[in-house]
Amino acid sequence: RRLFFGGVTDIHSPDNDTELNVFHADVFVLDPKTWTWTRLWPRPEFELPPLSPDLLKMPLRAAPKYGGVSALSLISKEDRGKKAPRGRMASQCCVIGGHLWVFGGCCEAGPKKEITLDDLWRMNLAFPGDGWECVLALSEKANMWFEDSDSEDSE
(Lines give C-alpha, C1' and ligand atoms only; values in the text may rest on other atoms or scores of the structure.)
Protein backbone atom coordinates (compact mmCIF):
# COMPACT_ATOMS: atom_id res chain seq x y z
CA ARG A 1 0.00 0.00 0.00
CA ARG A 2 1.05 3.61 -0.57
CA LEU A 3 0.37 6.53 1.77
CA PHE A 4 -0.19 10.10 0.65
CA PHE A 5 -0.30 13.15 2.93
CA GLY A 6 -1.29 16.76 2.35
CA GLY A 7 -1.21 18.87 -0.77
CA VAL A 8 -2.93 22.00 -2.02
CA THR A 9 -6.03 22.77 -4.08
CA ASP A 10 -6.19 26.13 -5.85
CA ILE A 11 -9.73 27.46 -6.23
CA HIS A 12 -10.39 30.31 -8.66
CA SER A 13 -13.50 32.40 -9.08
CA PRO A 14 -15.11 32.16 -12.53
CA ASP A 15 -13.62 35.54 -13.49
CA ASN A 16 -10.18 34.60 -12.04
CA ASP A 17 -10.38 37.69 -9.82
CA THR A 18 -10.19 35.72 -6.57
CA GLU A 19 -8.10 32.73 -5.57
CA LEU A 20 -8.09 30.58 -2.45
CA ASN A 21 -5.43 27.95 -1.80
CA VAL A 22 -6.70 25.15 0.44
CA PHE A 23 -3.85 23.25 2.13
CA HIS A 24 -4.67 19.66 3.08
CA ALA A 25 -3.63 17.42 5.96
CA ASP A 26 -5.53 14.35 4.74
CA VAL A 27 -3.94 10.92 4.75
CA PHE A 28 -4.94 8.64 1.88
CA VAL A 29 -4.01 5.03 1.22
CA LEU A 30 -3.69 3.68 -2.31
CA ASP A 31 -3.98 -0.08 -2.78
CA PRO A 32 -1.79 -0.71 -5.86
CA LYS A 33 -3.36 -4.13 -6.47
CA THR A 34 -6.91 -2.80 -6.86
CA TRP A 35 -6.11 0.88 -7.57
CA THR A 36 -8.57 1.96 -4.89
CA TRP A 37 -8.17 4.97 -2.59
CA THR A 38 -9.21 5.09 1.07
CA ARG A 39 -9.07 8.15 3.28
CA LEU A 40 -7.34 7.16 6.51
CA TRP A 41 -7.52 10.57 8.24
CA PRO A 42 -9.63 12.54 8.99
CA ARG A 43 -12.10 9.73 9.36
CA PRO A 44 -14.04 9.21 6.12
CA GLU A 45 -17.39 10.12 7.69
CA PHE A 46 -16.24 13.74 8.11
CA GLU A 47 -16.57 15.48 4.78
CA LEU A 48 -15.15 18.78 3.69
CA PRO A 49 -17.39 21.22 1.84
CA PRO A 50 -17.00 20.80 -1.94
CA LEU A 51 -13.82 22.51 -3.11
CA SER A 52 -15.43 24.77 -5.70
CA PRO A 53 -15.68 28.53 -6.33
CA ASP A 54 -18.66 28.50 -3.90
CA LEU A 55 -16.09 27.99 -1.13
CA LEU A 56 -14.87 31.54 -1.81
CA LYS A 57 -18.19 32.81 -0.43
CA MET A 58 -17.75 31.09 2.95
CA PRO A 59 -16.56 33.16 5.96
CA LEU A 60 -13.03 31.81 6.30
CA ARG A 61 -9.98 33.08 8.08
CA ALA A 62 -8.35 33.50 4.68
CA ALA A 63 -7.98 36.78 2.87
CA PRO A 64 -10.98 37.89 0.82
CA LYS A 65 -8.98 38.35 -2.38
CA TYR A 66 -6.01 35.96 -2.43
CA GLY A 67 -4.44 33.64 0.09
CA GLY A 68 -4.34 30.28 1.76
CA VAL A 69 -6.28 28.42 4.41
CA SER A 70 -5.83 25.05 6.07
CA ALA A 71 -8.49 22.55 5.05
CA LEU A 72 -8.74 21.62 8.73
CA SER A 73 -10.36 24.99 9.41
CA LEU A 74 -13.33 23.68 7.41
CA ILE A 75 -13.84 20.75 9.83
CA SER A 76 -14.84 21.22 13.47
CA LYS A 77 -12.28 20.33 16.17
CA GLU A 78 -14.65 17.68 17.53
CA ASP A 79 -14.66 15.96 14.15
CA ARG A 80 -10.94 16.10 13.41
CA GLY A 81 -9.53 15.71 16.91
CA LYS A 82 -7.80 18.21 19.14
CA LYS A 83 -4.31 17.99 17.65
CA ALA A 84 -3.50 17.76 13.99
CA PRO A 85 -0.81 19.04 11.67
CA ARG A 86 -1.72 22.15 9.75
CA GLY A 87 -2.59 21.61 6.10
CA ARG A 88 0.55 21.81 3.96
CA MET A 89 2.32 20.83 0.79
CA ALA A 90 5.85 19.58 0.13
CA SER A 91 6.28 17.89 3.51
CA GLN A 92 8.64 14.98 4.06
CA CYS A 93 6.88 11.74 5.04
CA CYS A 94 8.00 8.26 5.96
CA VAL A 95 6.70 5.18 7.75
CA ILE A 96 8.83 3.81 10.59
CA GLY A 97 7.72 1.28 13.18
CA GLY A 98 4.07 1.36 12.15
CA HIS A 99 3.85 5.16 12.42
CA LEU A 100 3.46 7.77 9.70
CA TRP A 101 5.94 10.59 10.33
CA VAL A 102 5.40 14.02 8.74
CA PHE A 103 8.02 16.77 8.86
CA GLY A 104 7.82 20.33 7.64
CA GLY A 105 6.49 21.53 4.33
CA CYS A 106 5.04 24.91 3.47
CA CYS A 107 1.70 26.69 3.45
CA GLU A 108 0.09 30.10 3.20
CA ALA A 109 -1.97 32.08 5.66
CA GLY A 110 -3.73 35.01 4.07
CA PRO A 111 -2.50 37.13 1.19
CA LYS A 112 1.17 36.85 0.28
CA LYS A 113 2.05 35.24 3.61
CA GLU A 114 4.08 32.09 3.21
CA ILE A 115 5.61 29.94 5.88
CA THR A 116 8.13 27.15 5.80
CA LEU A 117 7.16 24.67 8.50
CA ASP A 118 9.60 22.76 10.72
CA ASP A 119 7.28 20.74 12.96
CA LEU A 120 7.24 16.94 13.30
CA TRP A 121 4.06 14.84 13.65
CA ARG A 122 3.39 11.14 14.17
CA MET A 123 0.30 8.99 13.58
CA ASN A 124 -0.06 5.35 14.65
CA LEU A 125 -1.19 3.58 11.46
CA ALA A 126 -2.71 0.72 13.48
CA PHE A 127 -5.05 3.20 15.19
CA PRO A 128 -5.44 6.24 12.89
CA GLY A 129 -8.64 7.24 14.70
CA ASP A 130 -6.47 8.14 17.69
CA GLY A 131 -5.19 11.06 15.63
CA TRP A 132 -1.85 12.79 15.67
CA GLU A 133 0.91 13.42 18.18
CA CYS A 134 3.08 16.51 17.84
CA VAL A 135 6.63 15.30 18.44
CA LEU A 136 8.36 18.62 17.66
CA ALA A 137 6.38 21.87 17.73
CA LEU A 138 6.74 24.63 15.20
CA SER A 139 9.77 26.78 16.06
CA GLU A 140 9.93 30.56 16.15
CA LYS A 141 12.12 30.50 13.03
CA ALA A 142 9.30 28.82 11.11
CA ASN A 143 6.87 31.51 12.22
CA MET A 144 8.58 34.14 10.08
CA TRP A 145 6.17 35.43 7.46
CA PHE A 146 7.28 36.63 4.05
CA GLU A 147 5.41 39.57 2.57
CA ASP A 148 6.28 38.89 -1.06
CA SER A 149 7.43 35.48 -2.26
CA ASP A 150 8.22 36.93 -5.70
CA SER A 151 10.80 39.32 -4.31
CA GLU A 152 14.21 39.24 -5.96
CA ASP A 153 15.95 40.16 -2.71
CA SER A 154 17.86 37.29 -1.15
CA GLU A 155 18.17 36.88 2.55
# chains A, B, ... in the order shown; residues from 1 in each chain; ligands from 1
>>> residues_around(residues="segment 2-10 of chain A", least_positions_apart="3", cutoff="7 Å", atoms="only C-alpha atoms", output="PyMOL selection string")
chain A and resi 19-31+87-89
>>> atom_distance(atom1="atom CA of Cys107 of chain A", atom2="atom CA of Ser13 of chain A")
20.5 Å
